[in-house]
Structure formats: C-alpha cells, structure tokens
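Below is entry_0.txt, holding compact mmCIF, C-alpha atoms.
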```txt
# COMPACT_ATOMS: atom_id res chain seq x y z
CA MET B 1 -5.48 52.81 -10.94
CA SER B 2 -3.18 55.50 -9.71
CA VAL B 3 0.48 54.99 -10.49
CA ASP B 4 1.34 56.43 -7.08
CA VAL B 5 0.00 53.43 -5.17
CA ASP B 6 2.73 51.83 -3.09
CA PHE B 7 3.86 48.40 -4.32
CA TYR B 8 3.44 46.87 -0.85
CA GLU B 9 -0.07 48.29 -0.52
CA MET B 10 -0.88 47.06 -4.01
CA LEU B 11 0.00 43.51 -2.97
CA GLY B 12 -1.60 43.90 0.45
CA VAL B 13 1.54 43.09 2.48
CA GLN B 14 3.69 44.86 5.06
CA ARG B 15 7.03 46.39 4.07
CA THR B 16 8.72 43.82 6.29
CA ALA B 17 7.01 40.88 4.56
CA ASP B 18 9.25 38.00 3.50
CA ASP B 19 9.50 36.63 -0.03
CA LYS B 20 7.10 33.78 0.70
CA THR B 21 4.38 36.12 1.94
CA ILE B 22 4.79 38.46 -1.05
CA LYS B 23 4.63 35.57 -3.51
CA SER B 24 1.56 34.07 -1.84
CA SER B 25 -0.28 37.38 -1.94
CA TYR B 26 0.64 37.91 -5.59
CA ARG B 27 -0.66 34.45 -6.54
CA ARG B 28 -3.98 35.15 -4.91
CA LEU B 29 -4.42 38.56 -6.54
CA ALA B 30 -3.17 37.43 -9.96
CA MET B 31 -5.69 34.60 -9.99
CA GLN B 32 -8.44 37.02 -8.99
CA PHE B 33 -7.75 39.75 -11.56
CA HIS B 34 -6.31 37.79 -14.48
CA PRO B 35 -7.91 38.89 -17.82
CA ASP B 36 -8.90 35.32 -18.68
CA LYS B 37 -11.09 35.25 -15.57
CA ASN B 38 -12.48 38.73 -16.22
CA PRO B 39 -12.92 39.01 -20.01
CA GLY B 40 -13.67 42.50 -21.22
CA CYS B 41 -13.09 44.15 -17.83
CA ALA B 42 -10.64 47.02 -18.26
CA ASP B 43 -10.33 47.61 -14.51
CA SER B 44 -9.31 43.99 -13.86
CA GLU B 45 -6.77 44.13 -16.67
CA ALA B 46 -5.26 47.34 -15.29
CA ARG B 47 -5.18 45.91 -11.77
CA PHE B 48 -3.52 42.75 -13.04
CA LYS B 49 -0.79 44.71 -14.81
CA ALA B 50 -0.23 46.86 -11.72
CA ILE B 51 0.16 43.97 -9.30
CA SER B 52 2.40 42.19 -11.81
CA GLU B 53 4.62 45.25 -11.96
CA ALA B 54 4.72 45.40 -8.15
CA TYR B 55 5.57 41.71 -7.83
CA ASP B 56 8.25 41.92 -10.53
CA CYS B 57 9.96 44.60 -8.46
CA LEU B 58 9.59 43.12 -4.98
CA LYS B 59 10.56 39.54 -5.92
CA ASP B 60 14.01 40.74 -7.02
CA PRO B 61 16.26 41.53 -3.99
CA GLN B 62 18.18 44.28 -5.82
CA LYS B 63 15.07 45.94 -7.23
CA ARG B 64 13.32 45.70 -3.86
CA ALA B 65 16.28 47.33 -2.08
CA ALA B 66 16.31 50.15 -4.61
CA TYR B 67 12.55 50.64 -4.32
CA ASP B 68 12.71 50.70 -0.52
CA ARG B 69 15.31 53.49 -0.72
CA PHE B 70 14.21 55.60 -3.68
CA GLY B 71 10.66 54.48 -4.47
CA LYS B 72 9.58 54.37 -8.13
CA ALA B 73 12.20 56.97 -8.96
CA ALA B 74 14.73 54.15 -8.89
CA PHE B 75 13.22 52.79 -12.10
CA GLN B 76 12.99 56.06 -13.98
CA ASN B 77 15.55 57.93 -16.03
CA GLY B 78 17.74 54.97 -16.74
CA GLY B 79 17.40 53.28 -13.36
CA PHE B 80 16.41 49.61 -13.52
CA GLY B 81 14.73 50.47 -16.78
CA ASN B 82 12.16 47.74 -17.51
CA GLY B 83 10.51 47.62 -14.14
CA GLY B 84 7.36 49.40 -15.27
CA GLN B 85 6.51 47.73 -18.54
CA GLY B 86 3.47 46.14 -17.01
CA GLY B 87 2.08 43.50 -19.34
CA GLY B 88 5.26 41.70 -20.34
CA GLN B 89 6.66 41.54 -16.84
CA GLY B 90 3.26 40.62 -15.49
CA PHE B 91 2.92 37.55 -17.67
CA GLU B 92 6.41 36.46 -16.76
CA GLY B 93 5.53 36.73 -13.10
CA PHE B 94 2.18 35.01 -13.62
CA SER B 95 3.97 32.04 -15.15
CA ASP B 96 5.57 31.46 -11.75
CA ILE B 97 2.13 30.52 -10.43
CA PHE B 98 1.69 27.69 -12.91
CA GLU B 99 5.31 26.67 -12.60
CA ASN B 100 4.95 26.14 -8.87
CA ILE B 101 1.42 24.70 -8.98
CA PHE B 102 2.13 22.23 -11.78
CA GLY B 103 5.89 21.89 -11.41
CA GLU B 104 5.73 18.88 -9.13
CA PHE B 105 2.98 17.28 -11.19
CA MET B 106 5.09 17.68 -14.34
CA GLY B 107 8.08 16.25 -12.50
CA GLY B 108 10.23 19.37 -12.33
CA GLY B 109 9.79 20.50 -8.75
CA GLY B 110 10.44 24.19 -9.55
CA ARG B 111 13.27 25.98 -11.25
CA GLY B 112 16.60 24.29 -11.11
CA GLY B 113 14.96 21.05 -9.94
CA ARG B 114 16.18 17.90 -11.57
CA ARG B 115 13.55 15.49 -12.76
CA GLY B 116 15.83 12.54 -13.28
CA GLY B 117 18.59 11.38 -10.97
CA VAL B 118 18.79 8.05 -9.19
CA GLN B 119 15.88 5.75 -9.94
CA ARG B 120 14.81 3.00 -7.55
CA GLY B 121 14.41 -0.56 -8.77
CA ALA B 122 11.00 -2.24 -9.07
CA ASP B 123 9.43 -4.27 -6.27
CA LEU B 124 8.93 -7.99 -6.86
CA ARG B 125 6.24 -10.46 -5.77
CA TYR B 126 6.77 -14.14 -4.99
CA ASP B 127 3.92 -16.55 -4.15
CA LEU B 128 4.87 -19.33 -1.74
CA GLU B 129 2.58 -22.23 -0.85
CA ILE B 130 3.08 -24.03 2.46
CA SER B 131 1.17 -26.65 4.45
CA LEU B 132 -0.82 -25.91 7.60
CA GLU B 133 1.78 -27.86 9.60
CA GLU B 134 4.52 -25.60 8.20
CA ALA B 135 2.43 -22.54 9.05
CA PHE B 136 2.15 -23.90 12.60
CA ALA B 137 5.84 -24.60 13.12
CA GLY B 138 7.44 -22.06 10.76
CA LYS B 139 10.10 -23.05 8.27
CA GLU B 140 13.22 -22.09 6.38
CA SER B 141 12.65 -22.07 2.63
CA VAL B 142 14.97 -21.49 -0.32
CA ILE B 143 13.24 -19.71 -3.21
CA LEU B 144 14.44 -19.24 -6.78
CA PHE B 145 13.38 -16.31 -8.94
CA ASP B 146 14.55 -14.23 -11.91
CA VAL B 147 15.61 -10.68 -11.11
CA SER B 148 17.36 -7.68 -12.67
CA ALA B 149 20.61 -7.57 -10.70
CA ARG B 150 23.48 -5.11 -10.75
CA CYS B 151 25.88 -5.63 -13.63
CA ASP B 152 29.22 -6.82 -12.29
CA SER B 153 31.17 -5.72 -15.38
CA CYS B 154 30.40 -2.01 -14.93
CA SER B 155 29.45 -2.10 -11.22
CA GLY B 156 25.98 -0.83 -12.14
CA VAL B 157 27.20 2.39 -13.78
CA GLY B 158 26.18 1.37 -17.29
CA ALA B 159 29.39 2.56 -18.98
CA LYS B 160 32.39 0.54 -20.05
CA PRO B 161 35.13 0.28 -17.43
CA GLY B 162 37.34 3.35 -17.62
CA THR B 163 34.57 5.53 -19.01
CA GLY B 164 31.60 7.24 -17.40
CA ALA B 165 28.41 9.17 -17.92
CA LYS B 166 28.39 12.73 -19.23
CA THR B 167 26.04 15.59 -18.53
CA CYS B 168 23.22 15.66 -21.06
CA GLY B 169 23.71 18.52 -23.52
CA THR B 170 20.01 18.84 -24.28
CA CYS B 171 18.78 19.54 -20.76
CA GLY B 172 22.05 20.57 -19.13
CA GLY B 173 21.74 17.79 -16.55
CA GLN B 174 18.26 18.86 -15.39
CA GLY B 175 16.48 15.77 -16.71
CA ASN B 176 13.72 17.90 -18.24
CA VAL B 177 13.23 20.61 -20.80
CA ARG B 178 10.86 23.59 -20.75
CA ALA B 179 8.93 25.54 -23.32
CA GLN B 180 7.13 28.87 -22.85
CA GLN B 181 3.60 28.91 -24.24
CA GLY B 182 2.00 32.25 -23.47
CA PHE B 183 2.04 32.56 -19.70
CA PHE B 184 2.25 28.77 -19.27
CA VAL B 185 5.55 26.99 -18.70
CA VAL B 186 5.33 23.46 -20.13
CA GLU B 187 7.84 20.98 -18.81
CA ARG B 188 8.53 17.51 -20.16
CA THR B 189 11.08 14.74 -19.80
CA CYS B 190 14.26 15.29 -21.75
CA PRO B 191 14.07 13.13 -24.90
CA ALA B 192 17.84 12.70 -25.03
CA CYS B 193 18.55 11.33 -21.53
CA HIS B 194 14.99 10.22 -20.63
CA GLY B 195 15.03 12.24 -17.42
CA ARG B 196 18.35 11.01 -16.05
CA GLY B 197 20.34 14.15 -16.73
CA GLU B 198 23.25 12.08 -18.02
CA VAL B 199 24.08 10.19 -21.21
CA ILE B 200 26.47 7.32 -21.79
CA SER B 201 28.39 7.48 -25.06
CA ASP B 202 30.22 4.16 -24.54
CA PRO B 203 27.77 1.72 -22.89
CA CYS B 204 28.75 -1.51 -21.17
CA ASP B 205 28.69 -4.55 -23.47
CA ASP B 206 27.06 -6.83 -20.88
CA CYS B 207 24.17 -4.61 -19.78
CA GLY B 208 23.82 -2.26 -22.77
CA GLY B 209 24.13 0.81 -20.55
CA GLU B 210 21.34 -0.16 -18.12
CA GLY B 211 23.68 -1.07 -15.29
CA ARG B 212 21.78 -4.32 -14.59
CA VAL B 213 21.34 -7.77 -16.10
CA GLU B 214 18.78 -10.57 -15.77
CA ARG B 215 19.83 -13.56 -13.70
CA GLU B 216 18.40 -16.31 -11.51
CA ARG B 217 18.73 -15.77 -7.81
CA SER B 218 18.28 -18.00 -4.78
CA LEU B 219 17.28 -16.61 -1.42
CA ASN B 220 16.89 -18.23 1.99
CA VAL B 221 13.61 -17.09 3.56
CA ARG B 222 12.42 -17.69 7.12
CA ILE B 223 8.67 -18.18 7.45
CA PRO B 224 7.62 -17.35 11.04
CA ALA B 225 5.29 -19.63 12.98
CA GLY B 226 1.65 -18.61 12.90
CA VAL B 227 1.48 -17.14 9.39
CA ASP B 228 -1.96 -17.23 7.81
CA ASP B 229 -3.14 -17.49 4.25
CA GLY B 230 -2.53 -14.14 2.54
CA THR B 231 0.24 -13.03 4.92
CA ARG B 232 2.71 -10.70 3.18
CA ILE B 233 6.39 -10.78 4.13
CA ARG B 234 8.50 -7.80 3.01
CA LEU B 235 12.22 -8.22 2.40
CA SER B 236 13.86 -4.83 1.98
CA ASN B 237 16.32 -4.28 -0.89
CA GLU B 238 15.78 -7.78 -2.29
CA GLY B 239 13.88 -6.64 -5.40
CA GLU B 240 15.18 -5.50 -8.76
CA ALA B 241 18.30 -3.36 -8.92
CA GLY B 242 17.78 0.26 -9.95
CA PRO B 243 19.05 1.34 -13.38
CA ARG B 244 22.58 2.73 -13.48
CA GLY B 245 23.39 2.14 -9.85
CA GLY B 246 19.98 3.05 -8.42
CA PRO B 247 18.90 1.45 -5.12
CA PRO B 248 17.06 -1.88 -5.32
CA GLY B 249 13.37 -2.37 -4.71
CA ASP B 250 11.80 -4.73 -2.19
CA LEU B 251 10.68 -8.36 -2.44
CA TYR B 252 7.19 -9.22 -1.19
CA ILE B 253 6.45 -12.87 -0.40
CA PHE B 254 2.75 -13.76 -0.32
CA ILE B 255 1.95 -16.86 1.75
CA HIS B 256 -0.67 -19.35 0.55
CA VAL B 257 -1.60 -22.06 3.07
CA ALA B 258 -2.85 -25.29 1.47
CA ARG B 259 -6.14 -26.89 2.55
CA HIS B 260 -5.83 -29.47 5.32
CA PRO B 261 -7.73 -32.77 5.26
CA LEU B 262 -8.70 -32.57 8.97
CA PHE B 263 -8.38 -29.02 10.29
CA GLN B 264 -10.00 -25.76 9.25
CA ARG B 265 -8.52 -22.49 10.47
CA GLU B 266 -10.35 -19.40 11.69
CA GLY B 267 -7.95 -16.84 13.07
CA ASN B 268 -5.73 -18.67 15.53
CA ASN B 269 -8.33 -21.38 16.26
CA LEU B 270 -8.50 -24.77 14.57
CA PHE B 271 -11.76 -26.63 13.94
CA ALA B 272 -12.20 -30.36 13.33
CA ARG B 273 -14.97 -32.98 13.32
CA ALA B 274 -14.66 -36.31 15.15
CA PRO B 275 -17.13 -39.21 14.69
CA ILE B 276 -17.97 -41.45 17.66
CA SER B 277 -20.27 -44.46 18.02
CA PHE B 278 -23.66 -44.04 19.65
CA VAL B 279 -22.50 -46.48 22.35
CA VAL B 280 -19.62 -44.17 23.35
CA ALA B 281 -21.96 -41.21 23.14
CA ALA B 282 -24.43 -42.92 25.48
CA LEU B 283 -22.00 -44.47 27.95
CA GLY B 284 -19.14 -41.96 27.76
CA GLY B 285 -15.45 -42.64 27.28
CA ALA B 286 -12.47 -41.03 25.56
CA ILE B 287 -11.17 -40.61 22.03
CA GLN B 288 -7.82 -39.55 20.60
CA ILE B 289 -7.22 -37.30 17.60
CA PRO B 290 -3.88 -36.11 16.15
CA GLY B 291 -2.95 -32.53 16.96
CA ILE B 292 -1.55 -30.11 14.36
CA ASP B 293 1.88 -30.73 15.90
CA GLY B 294 1.49 -34.49 15.35
CA LYS B 295 1.02 -35.31 19.03
CA PRO B 296 -2.19 -37.16 20.03
CA ILE B 297 -4.85 -35.21 21.93
CA GLU B 298 -7.26 -37.07 24.21
CA LEU B 299 -10.83 -35.83 24.48
CA LYS B 300 -13.15 -37.02 27.24
CA ILE B 301 -16.69 -37.94 26.22
CA SER B 302 -19.30 -37.41 28.89
CA PRO B 303 -22.17 -39.96 29.09
CA GLY B 304 -25.16 -38.89 27.02
CA LEU B 305 -23.19 -36.55 24.75
CA GLN B 306 -25.33 -35.26 21.87
CA SER B 307 -24.27 -35.08 18.24
CA GLY B 308 -23.04 -31.58 17.29
CA THR B 309 -21.52 -30.86 20.71
CA GLN B 310 -18.24 -28.94 20.50
CA LEU B 311 -15.31 -29.76 22.75
CA ARG B 312 -12.58 -27.14 23.21
CA GLN B 313 -8.93 -27.88 23.89
CA ARG B 314 -7.27 -24.66 25.11
CA GLY B 315 -3.93 -23.69 23.56
CA SER B 316 -3.91 -26.47 20.95
CA GLY B 317 -4.57 -24.18 17.96
CA MET B 318 -2.24 -22.02 15.88
CA PRO B 319 0.45 -19.89 17.54
CA VAL B 320 0.00 -16.12 17.57
CA LEU B 321 2.14 -14.57 14.81
CA ASN B 322 5.06 -12.66 16.33
CA GLY B 323 3.44 -12.95 19.73
CA ARG B 324 2.82 -15.28 22.63
CA GLY B 325 0.25 -17.97 23.21
CA ALA B 326 -1.88 -19.93 20.79
CA GLY B 327 -5.48 -20.38 19.78
CA ASP B 328 -7.76 -23.29 20.68
CA LEU B 329 -8.69 -26.56 19.05
CA VAL B 330 -12.46 -26.94 18.72
CA VAL B 331 -13.71 -30.46 17.91
CA GLN B 332 -17.32 -31.04 16.89
CA ILE B 333 -18.62 -34.48 17.85
CA ASP B 334 -20.69 -36.39 15.29
CA VAL B 335 -22.55 -39.43 16.63
CA GLU B 336 -22.60 -42.16 14.00
CA THR B 337 -25.57 -44.47 13.51
CA PRO B 338 -24.51 -47.98 12.40
CA THR B 339 -25.85 -49.12 9.05
CA LYS B 340 -24.93 -52.81 9.35
CA LEU B 341 -25.73 -54.82 12.49
CA SER B 342 -24.85 -58.33 13.50
CA ALA B 343 -27.59 -60.59 14.84
CA ARG B 344 -26.41 -60.10 18.41
CA GLN B 345 -26.28 -56.29 18.02
CA ARG B 346 -29.80 -56.28 16.64
CA GLU B 347 -30.99 -58.44 19.52
CA LEU B 348 -29.50 -56.09 22.07
CA LEU B 349 -30.96 -53.03 20.38
CA GLU B 350 -34.41 -54.63 20.29
CA GLU B 351 -34.10 -55.30 23.98
CA LEU B 352 -33.08 -51.65 24.52
CA ARG B 353 -36.09 -50.48 22.54
CA THR B 354 -38.38 -52.61 24.72
CA LEU B 355 -36.90 -51.05 27.83
CA GLU B 356 -37.25 -47.52 26.41
CA ALA B 357 -40.92 -48.07 25.65
CA GLY B 358 -41.74 -47.96 29.35
CA GLU B 359 -39.51 -44.99 30.12
CA LYS B 360 -39.52 -41.33 29.25
CA ALA B 361 -37.22 -40.56 26.39
CA GLY B 362 -36.26 -36.99 27.30
CA GLN B 363 -36.18 -34.53 24.42
CA SER B 364 -37.70 -36.94 21.89
CA GLU B 365 -40.78 -37.49 24.08
CA GLY B 366 -41.28 -33.72 24.45
CA PHE B 367 -40.88 -33.27 20.70
CA PHE B 368 -43.54 -35.83 19.81
CA ASP B 369 -45.88 -34.46 22.47
CA LYS B 370 -45.69 -31.08 20.72
CA LEU B 371 -46.47 -32.74 17.38
CA LYS B 372 -49.54 -34.42 18.88
CA ASP B 373 -50.79 -31.05 20.15
CA ILE B 374 -50.37 -29.57 16.66
CA TRP B 375 -52.23 -32.45 14.98
CA ASN B 376 -55.05 -32.38 17.51
CA SER B 377 -55.54 -28.66 17.01
```
Translate the structure described by the file into structure tokens.
Amino acid sequence: MSVDVDFYEMLGVQRTADDKTIKSSYRRLAMQFHPDKNPGCADSEARFKAISEAYDCLKDPQKRAAYDRFGKAAFQNGGFGNGGQGGGQGFEGFSDIFENIFGEFMGGGGRGGRRGGVQRGADLRYDLEISLEEAFAGKESVILFDVSARCDSCSGVGAKPGTGAKTCGTCGGQGNVRAQQGFFVVERTCPACHGRGEVISDPCDDCGGEGRVERERSLNVRIPAGVDDGTRIRLSNEGEAGPRGGPPGDLYIFIHVARHPLFQREGNNLFARAPISFVVAALGGAIQIPGIDGKPIELKISPGLQSGTQLRQRGSGMPVLNGRGAGDLVVQIDVETPTKLSARQRELLEELRTLEAGEKAGQSEGFFDKLKDIWNS
C-alpha cells in the first residue's frame, strides 16, 4: 500500500469526523484485516499496519492537529517521532478494541473506570403464612428476621473511630488491575482490596472491617386486603446493609394463604359446597351459610332444585387487590339422600312412590325410555 494514502481516506472517514466515528471505523477495519483472521496474507498484514498507524495518529488530538496542518511531514525528521512505526503502534491501538468490547464484561468499564466502589446489600426473602380470612380483610403483622445491619460502632465505615480507609496501593484506587498479553488487555479484580479501591489498616473491632453486623430485627408489615397465595410484597431498603456503608437491599415478603375448610379461591371468586335435604330441594326454601367475613349469607332454594346447581352471590367473594369491588361467592348445591329413615318417613316415601307410579317422572322417564330403545335394538 502506498505510503502517500491520506490517513482519513485510509480509515474511510471525513476530515471533520469526530473521535467516535474514527474509532468505530478503525474497529471495523482492524477486525477485517487483522493477521489472525487472514493468516499468511501479506496484503492484509500491510493494510492492518497502515490503518493502525493512521488510527494512532488521529486518535491523539495533538498528533491529529499536526497532521491536519503539515501532513506526514509532521512525523518526520524529529517531529512526533514514533508515529510511523506501524506494527507496535498498531497492536496498541488494536488492544483498545478488546478493552472496550470486554471492559464492561471484565468489570472495568474502560480506562480509568473503577470496578469497585459502593456495593449494594443483598435482597432478603421472608415467607409469611396467613389465613383466607386475613387475606380477605388485610392485617398488620410484626415479623422477626436476622439481617446484616449497619455497624453502629463505626457507622458502617468499617474502620475504628478516628481512622478511615486508604487508597489501595496495588490498584491505585481503581478496584482492578490490568496485564498486557499480546494485543489483549486482561483485567481482573484487585487481590489487595477485592475491587473496593480502598483498604482499611485498622478495622473496627465489632464488625471486623465489614461495616455491618448480624442482628435480629422486627418489622411491622401491612398486608393489603385481597392478597392471593404467591403474592410478593417488596419493601425497599429493608434488606441487608451494604458493606462499608453501601446502600441496603430490599426485603421481599412472599404470601402463603392457608387452605380453608369451606371455601376454595379462584381469582377473586370463592367457591363452596352446601348440602340440602331432598325435601328442601323438592319443595324449596332457604339456607344460610357463613360468609368469608363471618356474616351469614342466605340463599334461596327454588322448588325442584337439582343437585349440582350453582348459586351465585354477587360481591361476596374476595376484594380486588389495590382496587375496587369484589368477586362473587359461588355455592354448589348437593342434594343429600337420607340413609336412615324412621317408620313414618318410610311410610310417607312409599306413599310418594305410589303416587309417582301413575305420573310422568320428567328426566328420569325420558332416560329410561332411551335405555329401552337401546335394549330393543
């Protein structure tokens, strides 16, 4: 490749291009012509060195200003000197690609970025079991749990009172250290400060330099009306304290609603089963069942009601969580057949059977007629 090719043309950018555009174009071309991707190709190797030389010049504000004014002559005869060494400068520039691509993954976030710093405390989970009645009405509950709380002796700093943390001498306060391996820049957590960027030479006696201690904590929690099994309640900043003064995490309360002996819940609706005698089913009447709020609910039974019929009581179910209104109460009627009869009851039933023999029996008669047709065929 000709040495007279303009640096801007070599990178495929305008002379007015900003640093971001120049860097983006260099990344693309460096990836395309890198020797590892084109083994044995002399043209690719030469192109790679040329674009690396161009990028090394244009990424530096002083070099770029000199090049814009004097061209390549600015780097000859004792000018900026090392601008045209090609390979070495090219690999240094190419390392910027991996530094920016993998910097965040490795925790560095680019040059000068600090990996450590303030660390947030862990989130906590608490499982709370309540009854269906408590889920209906809501409740105030006091919970007890163990948590890492801020150390009062050092106010969460981690150092003895009157002392403080010092900048880590290994990483210079960056929280990470780097090593050059070829054209790769490998970054890892500083082994001295564990990514915090600071070290404590005189740690607090109560917390050992962590800035937090284990203790039991009580918390008053309000459970809203209408919560369902599996509902998660988030309490901000009620989790573990962060190390060395870091912000606390959150507390998540998971609600578990115990099984109820009468009601089953589906969404905001409640379902129940109510047995009635065949006399009430035949003649009609009314029954009372307890509502989830403890108040009795009267259900009217129409004459001739069949077993399995569902009666719906609007608005007698569970309240809508954080909303208005409530679900329904659905009661399935089960007609009971007596197993023990007194002599008088048997006499009356025999009389009823005699009367039914001369009358049509509705659905049962149609059912047996269909069976006769099947047998005859």
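From CA of Val331 (chain B) back to CA of Ala281 (chain B), the distance works out to 14.5 Å.
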May I have the residues within 6 Å of region 218-225 of chain B as a PyMOL selection string, using all atoms listed in the file and disregarding those fewer than 4 positions away in the same chain?
chain B and resi 135-144
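When CA of Thr189 (chain B) is paired with CA of Gly175 (chain B), their separation reads 6.3 Å.
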Using CA of Ala165 (chain B) and CA of Pro247 (chain B) as the two end points, give the distance in Å to one decimal.
17.7 Å
Among B:Glu356, B:Asp328, B:Asp228, B:Asp334, Leu128 (chain B) is approached most closely, using only C-alpha atoms, by B:Asp228
Skipping near chain neighbours, those fewer than 5 positions away, what residues fall within 10 Å of Val177 (chain B) using all atoms listed in the file, listed as a list in words?
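In the requested format, the answer is Gly108, Arg115, Thr170, Cys171, Gly172, Val186, Glu187, Arg188, Thr189, Cys190, Pro191 and Gly195 of chain B.
Shortest separation to Ile255 (chain B) among B:Arg47, B:Lys23, B:Arg234, B:Arg150 occurs at residue B:Arg234, atoms counted being only C-alpha atoms.
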Would you list the contacts of Gly162 (chain B) as a list in words, taking every protein, DNA or RNA residue within 12 Å and counting only C-alpha atoms, but skipping same-chain residues closer than 2 positions in sequence?
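What passes the distance filter is Ser153, Cys154, Ser155, Val157, Gly158, Ala159, Lys160, Gly164, Ala165, Asp202, Pro203 and Cys204 of chain B.
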Preceding selection exported with C-alpha atoms as a PDB file, in the frame of the given file:
```pdb
ATOM      1  CA  SER B 153      31.170  -5.720 -15.380  1.00  0.00           C
ATOM      2  CA  CYS B 154      30.400  -2.010 -14.930  1.00  0.00           C
ATOM      3  CA  SER B 155      29.450  -2.100 -11.220  1.00  0.00           C
ATOM      4  CA  VAL B 157      27.200   2.390 -13.780  1.00  0.00           C
ATOM      5  CA  GLY B 158      26.180   1.370 -17.290  1.00  0.00           C
ATOM      6  CA  ALA B 159      29.390   2.560 -18.980  1.00  0.00           C
ATOM      7  CA  LYS B 160      32.390   0.540 -20.050  1.00  0.00           C
ATOM      8  CA  GLY B 164      31.600   7.240 -17.400  1.00  0.00           C
ATOM      9  CA  ALA B 165      28.410   9.170 -17.920  1.00  0.00           C
ATOM     10  CA  ASP B 202      30.220   4.160 -24.540  1.00  0.00           C
ATOM     11  CA  PRO B 203      27.770   1.720 -22.890  1.00  0.00           C
ATOM     12  CA  CYS B 204      28.750  -1.510 -21.170  1.00  0.00           C
TER      13      CYS B 204
END
```
Between B:Asp152, B:Asp293, B:Asp60, B:Glu336, which one has atoms that come closest to Asp18 (chain B), using only C-alpha atoms?
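When distances to Asp18 (chain B) are compared using only C-alpha atoms, the smallest one comes from B:Asp60.
Minimum atom-to-atom distances from B:Arg273, B:Arg346, B:Arg353, B:His256 to Tyr126 (chain B) were compared using all atoms listed in the file, and the lowest value belongs to B:His256.
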Quick one: what's the axis-aligned box for region 144-155 of chain B, all listed atoms, 4 Å on every side, centre and edges in Å to one decimal, as JSON?
```
{"center_x": 22.3, "center_y": -10.6, "center_z": -11.1, "size_x": 25.8, "size_y": 25.2, "size_z": 16.6}
```
From the list B:Glu216, B:Glu351, B:Asp206, B:Asp127, which residue is nearest Phe145 (chain B) when using only C-alpha atoms?
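Answer, going by the shortest atom-to-atom distance: B:Glu216.
Comparing B:Val227, B:Val213, B:Ile287, B:Leu270 by their smallest distance to Arg244 (chain B), the closest is B:Val213 (using only C-alpha atoms).
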